[in-house]
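Okay, query_26.txt is below, compact mmCIF, C-alpha atoms and all ligand atoms:
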# COMPACT_ATOMS: atom_id res chain seq x y z
CA MET A 459 382.13 79.25 -122.12
CA LYS A 460 385.76 80.31 -122.01
CA VAL A 461 387.97 79.36 -124.96
CA LEU A 462 391.75 79.10 -125.29
CA VAL A 463 393.31 79.69 -128.72
CA LEU A 464 396.87 78.46 -129.25
CA GLY A 465 399.15 80.34 -131.63
CA SER A 466 400.15 83.87 -132.52
CA GLY A 467 399.60 84.34 -136.24
CA ALA A 468 397.09 86.30 -138.30
CA ARG A 469 395.11 83.06 -138.56
CA GLU A 470 394.83 82.89 -134.77
CA HIS A 471 393.87 86.57 -134.64
CA ALA A 472 390.99 85.82 -137.04
CA LEU A 473 390.04 82.70 -135.07
CA ALA A 474 389.99 84.61 -131.78
CA ALA A 475 387.87 87.38 -133.33
CA ALA A 476 385.35 84.88 -134.75
CA LEU A 477 385.19 82.89 -131.49
CA GLU A 478 384.62 86.07 -129.54
CA ARG A 479 381.60 86.88 -131.75
CA ASP A 480 379.87 83.62 -130.75
CA PRO A 481 377.24 84.38 -128.05
CA ILE A 482 378.17 81.28 -126.01
CA VAL A 483 381.72 82.61 -125.54
CA THR A 484 382.28 84.66 -122.39
CA LYS A 485 386.02 85.05 -122.78
CA VAL A 486 388.81 84.21 -125.21
CA TYR A 487 392.35 83.55 -124.03
CA ALA A 488 395.25 83.36 -126.48
CA ALA A 489 398.60 81.71 -125.84
CA PRO A 490 400.93 83.26 -126.63
CA GLY A 491 398.80 85.41 -128.93
CA SER A 492 400.23 88.64 -130.27
CA ALA A 493 400.12 92.27 -129.24
CA MET A 494 397.13 93.11 -131.41
CA MET A 495 395.21 89.98 -130.43
CA ALA A 496 394.80 91.67 -127.06
CA GLN A 497 391.90 93.52 -128.73
CA VAL A 498 389.83 90.32 -128.69
CA ALA A 499 391.59 88.00 -126.21
CA GLU A 500 393.46 87.98 -122.92
CA LEU A 501 397.03 86.94 -123.60
CA VAL A 502 398.55 84.15 -121.51
CA ARG A 503 401.97 82.56 -121.74
CA VAL A 504 402.85 78.91 -122.22
CA ASP A 505 405.31 76.91 -124.30
CA LEU A 506 403.13 75.41 -127.03
CA LEU A 507 405.51 72.52 -127.54
CA TYR A 508 405.01 71.19 -123.96
CA PRO A 509 401.70 69.32 -124.02
CA ALA A 510 401.45 68.86 -120.21
CA GLU A 511 401.95 72.60 -119.62
CA VAL A 512 399.29 73.52 -122.16
CA ALA A 513 396.85 71.05 -120.53
CA ASN A 514 397.61 72.52 -117.08
CA LEU A 515 397.01 76.02 -118.33
CA ALA A 516 393.68 75.03 -119.91
CA GLN A 517 392.61 73.51 -116.57
CA GLU A 518 393.72 76.54 -114.56
CA LEU A 519 391.81 78.87 -116.88
CA GLU A 520 388.77 76.58 -116.73
CA VAL A 521 388.19 76.80 -120.45
CA GLY A 522 385.51 74.71 -122.11
CA LEU A 523 387.36 74.43 -125.43
CA VAL A 524 390.93 74.63 -126.72
CA VAL A 525 391.46 75.56 -130.39
CA VAL A 526 394.91 74.77 -131.76
CA GLY A 527 396.14 77.05 -134.57
CA PRO A 528 399.57 75.90 -135.77
CA GLU A 529 400.77 72.43 -136.71
CA ALA A 530 403.83 72.17 -134.45
CA PRO A 531 401.88 71.82 -131.15
CA LEU A 532 399.63 69.23 -132.81
CA VAL A 533 402.60 67.17 -133.94
CA ALA A 534 404.02 67.53 -130.40
CA GLY A 535 400.85 65.98 -128.92
CA VAL A 536 399.16 69.01 -127.38
CA ALA A 537 395.64 67.93 -128.39
CA ASP A 538 396.18 64.49 -126.78
CA ALA A 539 397.23 66.06 -123.47
CA VAL A 540 394.34 68.54 -123.43
CA ARG A 541 391.80 65.78 -124.12
CA GLU A 542 393.37 63.54 -121.47
CA ALA A 543 392.82 66.39 -119.01
CA GLY A 544 389.11 66.17 -119.84
CA ILE A 545 388.90 69.37 -121.89
CA PRO A 546 387.40 69.35 -125.40
CA CYS A 547 390.04 70.20 -127.99
CA PHE A 548 389.63 71.22 -131.61
CA GLY A 549 392.76 69.77 -133.19
CA PRO A 550 393.96 66.29 -134.12
CA SER A 551 396.00 63.94 -131.95
CA LYS A 552 399.72 63.54 -132.55
CA GLY A 553 399.01 60.38 -134.56
CA ALA A 554 396.34 62.01 -136.73
CA ALA A 555 398.45 65.16 -137.29
CA GLN A 556 400.92 62.96 -139.20
CA ILE A 557 398.70 63.57 -142.22
CA GLU A 558 400.42 66.96 -142.33
CA GLY A 559 403.64 66.05 -140.48
CA SER A 560 404.68 63.45 -143.04
CA LYS A 561 403.88 63.68 -146.73
CA ALA A 562 404.80 60.00 -147.13
CA PHE A 563 402.19 59.10 -144.47
CA ALA A 564 399.61 61.27 -146.27
CA LYS A 565 400.35 59.40 -149.51
CA GLU A 566 399.87 56.08 -147.71
CA ILE A 567 396.48 57.17 -146.34
CA MET A 568 395.39 58.43 -149.77
CA ALA A 569 396.41 55.17 -151.44
CA ALA A 570 394.46 53.16 -148.84
CA ALA A 571 391.44 55.48 -149.09
CA GLY A 572 391.44 55.62 -152.90
CA VAL A 573 391.96 59.39 -153.00
CA PRO A 574 393.46 60.79 -156.25
CA THR A 575 396.87 62.45 -155.89
CA ALA A 576 400.14 62.83 -157.82
CA GLN A 577 402.31 59.74 -158.12
CA SER A 578 405.39 60.01 -155.92
CA ARG A 579 408.57 58.31 -154.83
CA LEU A 580 410.09 58.55 -151.35
CA CYS A 581 413.85 58.50 -152.05
CA ALA A 582 416.51 57.03 -149.77
CA ASP A 583 419.51 58.54 -151.57
CA MET A 584 420.49 60.82 -154.46
CA ALA A 585 420.62 57.93 -156.94
CA GLU A 586 416.96 57.27 -156.21
CA VAL A 587 416.20 61.00 -156.56
CA GLU A 588 417.84 61.03 -160.01
CA ALA A 589 415.92 57.95 -161.07
CA ALA A 590 412.62 59.45 -159.88
CA LEU A 591 413.32 62.77 -161.68
CA ASP A 592 413.94 60.85 -164.90
CA GLU A 593 410.88 58.68 -164.40
CA PHE A 594 408.48 61.63 -164.03
CA GLY A 595 410.35 64.11 -166.26
CA ALA A 596 410.21 67.93 -166.17
CA PRO A 597 408.81 70.05 -164.61
CA TYR A 598 410.35 68.49 -161.53
CA VAL A 599 408.61 68.52 -158.14
CA VAL A 600 410.85 67.87 -155.12
CA LYS A 601 409.54 68.06 -151.55
CA GLU A 602 410.90 67.85 -148.03
CA ASP A 603 408.95 65.03 -146.37
CA GLY A 604 408.56 66.68 -142.93
CA LEU A 605 406.97 69.94 -141.76
CA ALA A 606 408.22 72.90 -143.77
CA SER A 607 405.37 75.45 -143.61
CA GLY A 608 404.78 75.27 -147.34
CA LYS A 609 408.35 76.30 -148.08
CA GLY A 610 409.91 72.85 -148.53
CA VAL A 611 408.78 72.40 -152.13
CA ILE A 612 410.48 73.26 -155.39
CA VAL A 613 408.79 73.06 -158.80
CA THR A 614 411.31 73.65 -161.57
CA ASP A 615 412.38 72.76 -165.10
CA ASP A 616 416.00 72.98 -163.99
CA ARG A 617 417.21 69.47 -163.12
CA GLU A 618 420.26 70.87 -161.32
CA ALA A 619 418.07 73.08 -159.09
CA ALA A 620 415.83 70.08 -158.36
CA LEU A 621 418.87 68.03 -157.33
CA GLU A 622 420.23 70.85 -155.22
CA HIS A 623 416.91 71.15 -153.34
CA ALA A 624 416.88 67.38 -152.80
CA ARG A 625 420.37 67.52 -151.27
CA LYS A 626 419.10 70.03 -148.70
CA CYS A 627 416.15 67.85 -147.64
CA ASP A 628 416.29 65.49 -144.68
CA SER A 629 413.91 63.13 -146.40
CA VAL A 630 412.99 63.60 -150.06
CA LEU A 631 409.77 63.01 -151.95
CA VAL A 632 409.81 63.37 -155.76
CA GLU A 633 406.41 63.83 -157.39
CA GLU A 634 404.74 63.80 -160.75
CA PHE A 635 403.93 67.38 -161.88
CA MET A 636 400.28 68.40 -161.92
CA SER A 637 398.72 71.50 -163.47
CA GLY A 638 395.52 73.44 -163.02
CA PRO A 639 394.01 75.97 -160.62
CA GLU A 640 394.62 75.27 -156.93
CA VAL A 641 391.89 75.25 -154.32
CA SER A 642 391.97 75.10 -150.52
CA LEU A 643 389.05 73.20 -149.06
CA PHE A 644 388.67 73.19 -145.27
CA ALA A 645 386.53 70.58 -143.56
CA ILE A 646 385.59 70.66 -139.89
CA CYS A 647 385.84 67.07 -138.65
CA ASP A 648 384.81 65.22 -135.50
CA GLY A 649 386.50 61.90 -136.28
CA LYS A 650 383.51 60.49 -138.21
CA THR A 651 381.63 63.38 -139.79
CA ALA A 652 382.89 66.31 -141.89
CA ILE A 653 381.32 69.68 -142.66
CA PRO A 654 383.02 71.63 -145.46
CA MET A 655 383.61 75.37 -145.47
CA GLN A 656 383.26 77.16 -148.80
CA ALA A 657 386.30 76.79 -151.04
CA ALA A 658 389.08 79.37 -151.02
CA GLN A 659 392.15 80.09 -153.10
CA ASP A 660 395.58 80.89 -151.73
CA PHE A 661 398.54 82.56 -153.47
CA LYS A 662 401.70 80.77 -152.41
CA ARG A 663 404.39 82.53 -154.47
CA ALA A 664 405.93 85.70 -153.10
CA LEU A 665 405.48 87.92 -156.17
CA ASP A 666 402.83 89.00 -158.68
CA GLY A 667 402.15 86.59 -161.52
CA ASP A 668 403.05 83.61 -159.30
CA LYS A 669 406.73 84.47 -159.52
CA GLY A 670 409.33 84.24 -156.77
CA PRO A 671 409.78 81.66 -154.02
CA ASN A 672 407.06 79.65 -152.32
CA THR A 673 405.83 81.21 -149.08
CA GLY A 674 403.33 80.33 -146.38
CA GLY A 675 400.77 82.27 -148.48
CA MET A 676 400.54 85.90 -149.65
CA GLY A 677 396.79 86.32 -149.96
CA ALA A 678 393.50 84.50 -150.38
CA TYR A 679 389.87 84.94 -151.37
CA THR A 680 386.59 83.10 -150.99
CA PRO A 681 384.31 81.81 -152.47
CA LEU A 682 385.55 80.89 -155.96
CA PRO A 683 383.16 82.25 -158.61
CA TRP A 684 384.78 80.10 -161.30
CA ALA A 685 384.72 76.75 -159.48
CA PRO A 686 382.24 73.96 -160.26
CA PRO A 687 379.23 74.45 -157.93
CA ASN A 688 379.42 70.92 -156.49
CA LEU A 689 383.16 71.10 -155.71
CA GLU A 690 382.82 71.30 -151.91
CA GLN A 691 380.21 68.55 -151.75
CA GLU A 692 381.98 66.14 -154.09
CA THR A 693 385.36 66.71 -152.48
CA THR A 694 383.85 66.01 -149.08
CA GLU A 695 382.42 62.73 -150.40
CA LYS A 696 385.42 61.63 -152.46
CA VAL A 697 388.36 62.96 -150.46
CA VAL A 698 387.53 64.06 -146.92
CA GLN A 699 385.15 61.27 -145.90
CA PRO A 700 387.34 58.40 -147.20
CA VAL A 701 390.34 59.92 -145.39
CA LEU A 702 388.33 60.27 -142.15
CA ASP A 703 387.18 56.65 -142.46
CA GLU A 704 390.72 55.41 -143.09
CA MET A 705 392.15 57.42 -140.16
CA ALA A 706 389.42 56.07 -137.84
CA ARG A 707 390.06 52.52 -139.06
CA ARG A 708 393.74 52.93 -138.10
CA GLY A 709 392.83 54.03 -134.59
CA THR A 710 393.81 57.69 -135.17
CA PRO A 711 390.47 59.44 -135.79
CA PHE A 712 390.88 62.96 -137.14
CA VAL A 713 389.25 65.61 -134.96
CA GLY A 714 389.96 69.12 -136.16
CA LEU A 715 390.36 70.98 -139.41
CA LEU A 716 391.31 68.86 -142.39
CA TYR A 717 392.74 71.17 -145.03
CA ALA A 718 392.72 69.60 -148.47
CA GLY A 719 395.04 71.39 -150.90
CA LEU A 720 393.57 70.46 -154.28
CA MET A 721 394.56 70.88 -157.89
CA LEU A 722 391.82 70.93 -160.49
CA THR A 723 393.70 69.12 -163.25
CA PRO A 724 392.47 68.26 -166.75
CA LYS A 725 392.06 64.73 -165.38
CA GLY A 726 389.93 65.80 -162.42
CA VAL A 727 390.54 66.89 -158.85
CA LYS A 728 393.76 65.68 -157.24
CA VAL A 729 395.09 66.26 -153.74
CA VAL A 730 398.37 68.21 -153.51
CA GLU A 731 398.66 67.99 -149.74
CA PHE A 732 396.77 67.82 -146.49
CA ASN A 733 397.20 70.09 -143.52
CA ALA A 734 395.88 69.28 -140.07
CA ARG A 735 394.86 72.86 -139.20
CA PHE A 736 393.30 76.02 -140.55
CA GLY A 737 395.28 77.55 -143.42
CA ASP A 738 396.89 80.95 -143.24
CA PRO A 739 395.82 83.29 -144.93
CA GLU A 740 392.65 81.51 -146.21
CA THR A 741 391.17 81.50 -142.70
CA GLN A 742 391.13 85.30 -142.57
CA PRO A 743 388.64 85.87 -145.45
CA LEU A 744 386.74 82.64 -144.66
CA LEU A 745 386.00 83.61 -141.07
CA LEU A 746 385.03 87.12 -142.11
CA GLN A 747 382.24 85.49 -144.18
CA LEU A 748 381.24 82.82 -141.67
CA GLU A 749 377.85 83.42 -140.07
CA SER A 750 377.55 80.17 -138.12
CA PRO A 751 378.71 80.48 -134.50
CA LEU A 752 382.31 79.25 -134.66
CA ALA A 753 382.75 78.18 -131.02
CA GLN A 754 379.58 76.08 -131.09
CA VAL A 755 380.65 74.36 -134.30
CA LEU A 756 384.20 73.65 -133.10
CA LEU A 757 382.90 72.43 -129.73
CA ALA A 758 380.50 70.03 -131.47
CA ALA A 759 383.45 68.75 -133.52
CA ALA A 760 385.64 68.33 -130.42
CA ASN A 761 382.81 66.38 -128.73
CA GLY A 762 382.10 64.11 -131.72
CA GLU A 763 378.68 65.67 -132.25
CA LEU A 764 378.94 67.25 -135.70
CA GLU A 765 376.07 65.16 -136.99
CA SER A 766 373.72 67.48 -135.13
CA VAL A 767 375.21 70.58 -136.81
CA GLY A 768 373.76 71.55 -140.18
CA PRO A 769 375.70 73.03 -143.12
CA LEU A 770 377.75 76.14 -142.31
CA ARG A 771 376.25 79.50 -143.24
CA PHE A 772 378.32 82.13 -145.02
CA THR A 773 377.43 85.73 -145.82
CA PRO A 774 376.67 86.09 -149.53
CA GLY A 775 379.38 87.94 -151.42
CA PHE A 776 383.15 87.69 -151.33
CA ALA A 777 386.09 88.29 -149.03
CA VAL A 778 389.71 88.97 -149.92
CA GLY A 779 392.81 88.96 -147.70
CA VAL A 780 396.15 90.43 -148.76
CA VAL A 781 399.27 89.73 -146.71
CA ILE A 782 401.66 92.57 -146.01
CA ALA A 783 405.10 90.98 -145.71
CA ALA A 784 408.43 92.29 -144.50
CA ASP A 785 411.06 92.94 -147.18
CA GLY A 786 413.17 89.82 -147.55
CA TYR A 787 410.35 87.38 -146.69
CA PRO A 788 410.42 84.37 -146.92
CA ASP A 789 414.21 83.98 -146.73
CA GLN A 790 415.34 86.79 -144.43
CA PRO A 791 412.52 89.09 -143.40
CA GLU A 792 413.64 92.46 -142.16
CA LEU A 793 412.39 92.75 -138.59
CA GLY A 794 412.10 95.63 -136.14
CA THR A 795 410.42 98.18 -138.45
CA ARG A 796 408.06 100.42 -136.52
CA VAL A 797 404.38 99.87 -137.35
CA PHE A 798 402.13 102.82 -136.55
CA GLU A 799 398.94 101.65 -134.91
CA GLY A 800 397.03 104.85 -135.60
CA GLN A 801 396.84 104.10 -139.31
CA PHE A 802 394.84 100.96 -138.89
CA ARG A 803 391.31 102.16 -138.32
CA SER A 804 388.85 101.47 -141.06
CA GLY A 805 385.33 100.17 -140.57
CA ASN A 806 384.96 97.59 -143.28
CA ILE A 807 388.52 96.41 -143.25
CA LYS A 808 389.92 93.98 -140.71
CA LEU A 809 393.60 93.70 -139.98
CA TYR A 810 394.66 90.34 -138.64
CA HIS A 811 398.14 90.54 -137.21
CA GLY A 812 400.72 87.80 -137.49
CA GLY A 813 404.17 89.35 -137.38
CA THR A 814 403.90 92.30 -135.03
CA GLY A 815 404.82 92.72 -131.39
CA ARG A 816 405.90 95.31 -128.84
CA ASP A 817 409.49 96.41 -128.41
CA ASP A 818 410.94 97.41 -125.00
CA LEU A 819 409.36 100.85 -125.29
CA GLY A 820 405.93 99.43 -126.07
CA ASN A 821 406.04 100.39 -129.74
CA LEU A 822 404.41 98.09 -132.27
CA VAL A 823 407.18 96.62 -134.46
CA VAL A 824 407.60 93.94 -137.11
CA THR A 825 408.49 90.60 -135.49
CA GLY A 826 407.77 88.18 -138.33
CA GLY A 827 407.76 87.84 -142.11
CA ARG A 828 404.00 87.97 -142.65
CA ILE A 829 403.12 91.13 -140.76
CA PHE A 830 399.35 91.24 -141.15
CA THR A 831 396.53 90.29 -143.47
CA VAL A 832 394.38 93.15 -144.71
CA THR A 833 390.95 91.57 -145.12
CA GLY A 834 387.77 93.02 -146.55
CA ARG A 835 384.58 92.04 -148.26
CA GLY A 836 382.13 93.07 -150.94
CA HIS A 837 379.10 91.91 -152.89
CA THR A 838 381.41 91.19 -155.82
CA LEU A 839 384.98 89.98 -155.82
CA GLY A 840 386.02 93.12 -157.68
CA PHE A 841 384.50 95.32 -155.00
CA ALA A 842 386.10 93.33 -152.17
CA ARG A 843 389.49 93.72 -153.89
CA LYS A 844 388.94 97.44 -154.33
CA MET A 845 388.21 97.91 -150.64
CA VAL A 846 391.29 95.97 -149.55
CA TYR A 847 393.71 97.60 -151.98
CA ALA A 848 392.35 101.07 -151.22
CA ALA A 849 393.05 100.43 -147.53
CA ILE A 850 396.57 99.26 -148.35
CA GLN A 851 397.21 102.37 -150.46
CA ALA A 852 396.23 104.51 -147.48
CA PHE A 853 398.88 102.97 -145.22
CA HIS A 854 402.46 104.04 -145.10
CA LEU A 855 404.37 100.82 -144.71
CA PRO A 856 408.13 101.14 -145.18
CA LYS A 857 410.23 98.01 -145.80
CA THR A 858 407.25 95.88 -146.72
CA PHE A 859 405.77 94.40 -149.86
CA HIS A 860 402.56 92.71 -150.94
CA ARG A 861 401.09 91.16 -154.04
CA ASP A 862 398.89 93.41 -156.17
CA ASP A 863 397.16 90.57 -158.00
CA ILE A 864 395.38 88.66 -155.23
CA ALA A 865 392.04 87.48 -156.68
CA ALA A 866 392.64 89.64 -159.78
CA LYS A 867 392.20 86.90 -162.39
CA ALA A 868 389.09 85.55 -160.70
CA ALA A 869 387.61 89.07 -160.47
CA ARG A 870 388.28 89.55 -164.22
CA ASN A 871 386.66 86.20 -164.95
CA GLU A 872 389.91 84.83 -166.36
CA ILE A 873 390.03 81.51 -164.54
CA ARG A 874 388.38 78.68 -166.41
CA TYR A 875 388.00 75.11 -165.34
CA GLU A 876 386.21 72.66 -167.58
CA VAL A 877 384.94 69.68 -165.64
CA PRO A 878 386.41 66.67 -167.48
CA GLU A 879 384.04 64.31 -169.25
CA GLY A 880 384.26 61.63 -166.57
CA GLY A 881 383.37 64.15 -163.83
CA LEU A 882 385.35 65.99 -161.15
CA PHE A 883 386.56 62.67 -159.77
CA GLN A 884 387.54 60.04 -162.31
P1 LIG B 901 402.84 71.66 -150.78
O1 LIG B 901 403.73 72.10 -149.67
O2 LIG B 901 402.87 70.18 -151.01
O3 LIG B 901 401.46 72.21 -150.65
O4 LIG B 901 403.37 72.37 -152.09
C1 LIG B 901 403.45 73.77 -152.20
C2 LIG B 901 403.05 74.22 -153.58
O5 LIG B 901 403.90 73.61 -154.57
C3 LIG B 901 401.66 73.80 -153.97
O6 LIG B 901 400.69 74.69 -153.51
C4 LIG B 901 401.76 73.78 -155.47
O7 LIG B 901 401.63 75.09 -156.00
C5 LIG B 901 403.15 73.31 -155.73
N1 LIG B 901 403.13 71.85 -155.95
C6 LIG B 901 403.23 70.90 -155.01
N2 LIG B 901 403.14 69.67 -155.55
C7 LIG B 901 402.98 69.84 -156.87
C8 LIG B 901 402.85 68.95 -157.98
N3 LIG B 901 402.87 67.62 -157.84
N4 LIG B 901 402.70 69.49 -159.21
C9 LIG B 901 402.71 70.83 -159.38
N5 LIG B 901 402.84 71.73 -158.38
C10 LIG B 901 402.97 71.25 -157.12
N1 LIG B 902 397.95 78.78 -146.91
C1 LIG B 902 398.81 77.68 -146.82
C2 LIG B 902 398.93 77.06 -145.49
O1 LIG B 902 398.33 77.48 -144.53
O2 LIG B 902 399.66 76.10 -145.40
This entry written out as structure tokens:
Amino acid sequence: MKVLVLGSGAREHALAAALERDPIVTKVYAAPGSAMMAQVAELVRVDLLYPAEVANLAQELEVGLVVVGPEAPLVAGVADAVREAGIPCFGPSKGAAQIEGSKAFAKEIMAAAGVPTAQSRLCADMAEVEAALDEFGAPYVVKEDGLASGKGVIVTDDREAALEHARKCDSVLVEEFMSGPEVSLFAICDGKTAIPMQAAQDFKRALDGDKGPNTGGMGAYTPLPWAPPNLEQETTEKVVQPVLDEMARRGTPFVGLLYAGLMLTPKGVKVVEFNARFGDPETQPLLLQLESPLAQVLLAAANGELESVGPLRFTPGFAVGVVIAADGYPDQPELGTRVFEGQFRSGNIKLYHGGTGRDDLGNLVVTGGRIFTVTGRGHTLGFARKMVYAAIQAFHLPKTFHRDDIAAKAARNEIRYEVPEGGLFQ
């Protein structure tokens, strides 16, 4: 089977590499892909925001499966067009992708499905914002309602900063503050049935110690040695399945990757957000550990046949991914820096590229804020970290930065979560 992957990030690089490993896959195409994805995929060009063109391309290439990486093509209706052309697609319809495209819609689904989440107010004007800030109190949580790649949120004690962020939003959601460790749980869904991946943790702030601005994600690891052992199973039962049922009931069944961003609060698990796609960078370590054949699983999901697929298998041990970002990311990443390809050869370490491309002379240069994810594994989390950071030390990467504390607390056994008396879900 030939497969077409849509997108060009480090997540798509990891997806293409994992798809290519599946024995049923004869060829992987990537559109537009990125320079380094050419190692595992043939690059083809198409505008991802034009559903009809993507569907035509998939037909011309005679692929048996399309896997959509980023959210924007989903919200534009690419999965609908591909399916209408008779080609299985792993990715939700335009209607179902609203679970990520609109936080207000996600809140509505959660309320209908009885899924625990922070209380929130969708505000029509600044007077309503002020009222909602006073109602919930500090720390203040103010979010842009639409797609913002994880960067549309501010969490602050400073009321003035909260108001200023609200003024910049097109549509504002004010939320109750929640606290506790965050978890990313990915479920592969076929509209009716869900199969969870093992849980992962993402580091959203730019700097060590969770300081600095929110980013798309600076690193991730999996699995979580500190998490309650039944977390994946219970979250699938109490969050993912009710959401799938509610989406199906509304006539917008969710086929694709449902990403539940969770907070393990003192009052139990609560949903922070949903995404309608694989997360970046969590996907990079997750797919390094995945043993199940990815193309076969995603094809079963696209065809509504997940019931026949058993639980996913993961290699024992741990994987860690650390993002190397361009100076200035996320606000104004410095682009154009030369990246030397020759430095990136190390057996146990995988580099998944997101923000690199070729300049006119064919040199590899920085083209985006998150340049690549250095991903490695080990039988312990500490060992996996050591491998990854040793590889990073060996590179010479001018005008870049990375976090030094990805998975550090978990490796030192410093994350604790006591399951509340009433259970993970209250
Ligand atoms: P989101 O784009 O909704 O995932 O938010 C980005 C990040 O902001 C989350 O990963 C959290 O770290 C933080 N955040 C979002 N909502 C809340 C909340 N209600 N309470 C505390 N932190 C939050
Ligand atoms: N890792 C966060 C995201 O993909 O949105």
Could you produce a table of the residues of chain A lying within 6 Å of ligand LIG 901 (chain B), with the nearest pair of atoms per residue and their separation in Å rounded to one decimal, using only C-alpha atoms and all ligand atoms, ordered by chain and increasing residue number, as CSV?
residue,atom,partner,partner_atom,distance
A:Ala576,CA,B:LIG901,N3,5.5
A:Val599,CA,B:LIG901,C8,5.8
A:Gly608,CA,B:LIG901,O1,4.1
A:Val611,CA,B:LIG901,O4,5.4
A:Glu633,CA,B:LIG901,N3,5.2
A:Glu634,CA,B:LIG901,N3,5.2
A:Phe635,CA,B:LIG901,N4,3.6
A:Met636,CA,B:LIG901,N4,3.8
A:Ser637,CA,B:LIG901,C9,5.8
A:Val730,CA,B:LIG901,N2,5.4
A:Glu731,CA,B:LIG901,O2,4.9
Closest contacts (chain A/ligand LIG 902 (chain B), max 7 Å, only C-alpha atoms and all ligand atoms) as a tab-separated table:
residue	atom	partner	partner_atom	distance
A:Ser607	CA	B:LIG902	O2	6.0
A:Gly608	CA	B:LIG902	O2	5.5
A:Asp660	CA	B:LIG902	N1	5.8
A:Lys662	CA	B:LIG902	N1	6.9
A:Gly674	CA	B:LIG902	C1	5.3
A:Gly675	CA	B:LIG902	N1	4.8
A:Asn733	CA	B:LIG902	O2	6.8
A:Phe736	CA	B:LIG902	O1	6.6
A:Gly737	CA	B:LIG902	O1	3.2
A:Asp738	CA	B:LIG902	O1	4.0
A:Pro739	CA	B:LIG902	N1	5.4
A:Glu740	CA	B:LIG902	N1	6.0
Quick one: write out the picked residues with C-alpha atoms as an mmCIF file, in the frame of the given file?
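As a result, result_16.cif now contains:
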data_model
loop_
_atom_site.group_PDB
_atom_site.id
_atom_site.type_symbol
_atom_site.label_atom_id
_atom_site.label_comp_id
_atom_site.auth_asym_id
_atom_site.auth_seq_id
_atom_site.Cartn_x
_atom_site.Cartn_y
_atom_site.Cartn_z
ATOM 1 C CA SER A 607 405.370 75.450 -143.610
ATOM 2 C CA GLY A 608 404.780 75.270 -147.340
ATOM 3 C CA ASP A 660 395.580 80.890 -151.730
ATOM 4 C CA LYS A 662 401.700 80.770 -152.410
ATOM 5 C CA GLY A 674 403.330 80.330 -146.380
ATOM 6 C CA GLY A 675 400.770 82.270 -148.480
ATOM 7 C CA ASN A 733 397.200 70.090 -143.520
ATOM 8 C CA PHE A 736 393.300 76.020 -140.550
ATOM 9 C CA GLY A 737 395.280 77.550 -143.420
ATOM 10 C CA ASP A 738 396.890 80.950 -143.240
ATOM 11 C CA PRO A 739 395.820 83.290 -144.930
ATOM 12 C CA GLU A 740 392.650 81.510 -146.210
#
Closest to A:Gly638 among A:Ile482, A:Ala685, A:Val780, A:Leu473, using all atoms listed in the file?
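Counting all atoms listed in the file, the residue closest to A:Gly638 is A:Ala685.
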Please give the centre and size of the box around stretch 729-742 of chain A (axis-aligned, containing every atom listed in the file, 3 Å added per side), with values in Å to one decimal and written as AutoDock Vina command-line options.
--center_x 394.9 --center_y 75.8 --center_z -146.5 --size_x 13.5 --size_y 25.0 --size_z 20.5
Which is closest to A:Gly527 among A:Pro550, A:Gly820, A:Gly775, A:Pro509, if we use all atoms listed in the file?
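Result for the nearest residue to A:Gly527: A:Pro550.
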Find, counting all atoms listed in the file, the residue in A:Leu621, A:Ala848, A:Val526, A:Val630 that gets nearest to A:Ser560.
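When distances to A:Ser560 are compared using all atoms listed in the file, the smallest one comes from A:Val630.
Closest approach to A:Lys857 among A:Lys808, A:Arg503, A:Arg816, A:Arg796 is made by A:Arg796 (distances from all atoms listed in the file).
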Shell of 8 Å around A:Ala562, all atoms listed in the file, local chain residues under 2 positions omitted, as a list of chain:residue names
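So, after excluding close chain neighbours, the residues are A:Ser560, A:Ala564, A:Lys565, A:Glu566, A:Leu580, A:Asp603, A:Leu631.
Nearest-residue note for A:Pro546: choosing from A:Asp583, A:Glu529, A:Asp648, A:Glu692, the minimum distance belongs to A:Asp648, counting all atoms listed in the file.
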A:Ala866: which residues within 8 Å, counting all atoms listed in the file, same-chain residues fewer than 4 positions away excluded, as a PDB file with C-alpha atoms, in the coordinates of the input?
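Saved result, out_1.pdb, follows:
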ATOM      1  CA  GLY A 840     386.020  93.120-157.680  1.00  0.00           C
ATOM      2  CA  ARG A 843     389.490  93.720-153.890  1.00  0.00           C
ATOM      3  CA  ARG A 870     388.280  89.550-164.220  1.00  0.00           C
TER       4      ARG A 870
END
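Interatomic distance, atom CA of A:Asp615 to atom CA of A:Ile873: 24.0 Å.
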Distance cut-off 12 Å, centre (386.2, 65.0, -130.8) in file coordinates, counting all atoms listed in the file: which residues qualify? Return them as number ranges by chain.
A: 523-525, 537-538, 540-542, 544-551, 646-652, 706, 710-715, 755-765
Measure the distance from atom CA of A:Leu809 to atom CA of A:Gly836 in Å and round it to one decimal.
15.9 Å
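Of the listed residues A:Gly677, A:Pro683, A:Pro878, A:Gly834, the one whose atoms come nearest to A:Ile782 is A:Gly677, with distances taken using only C-alpha atoms.
Between atom CA of A:Ala468 and atom CA of A:Val641 the interatomic distance comes to 20.1 Å.
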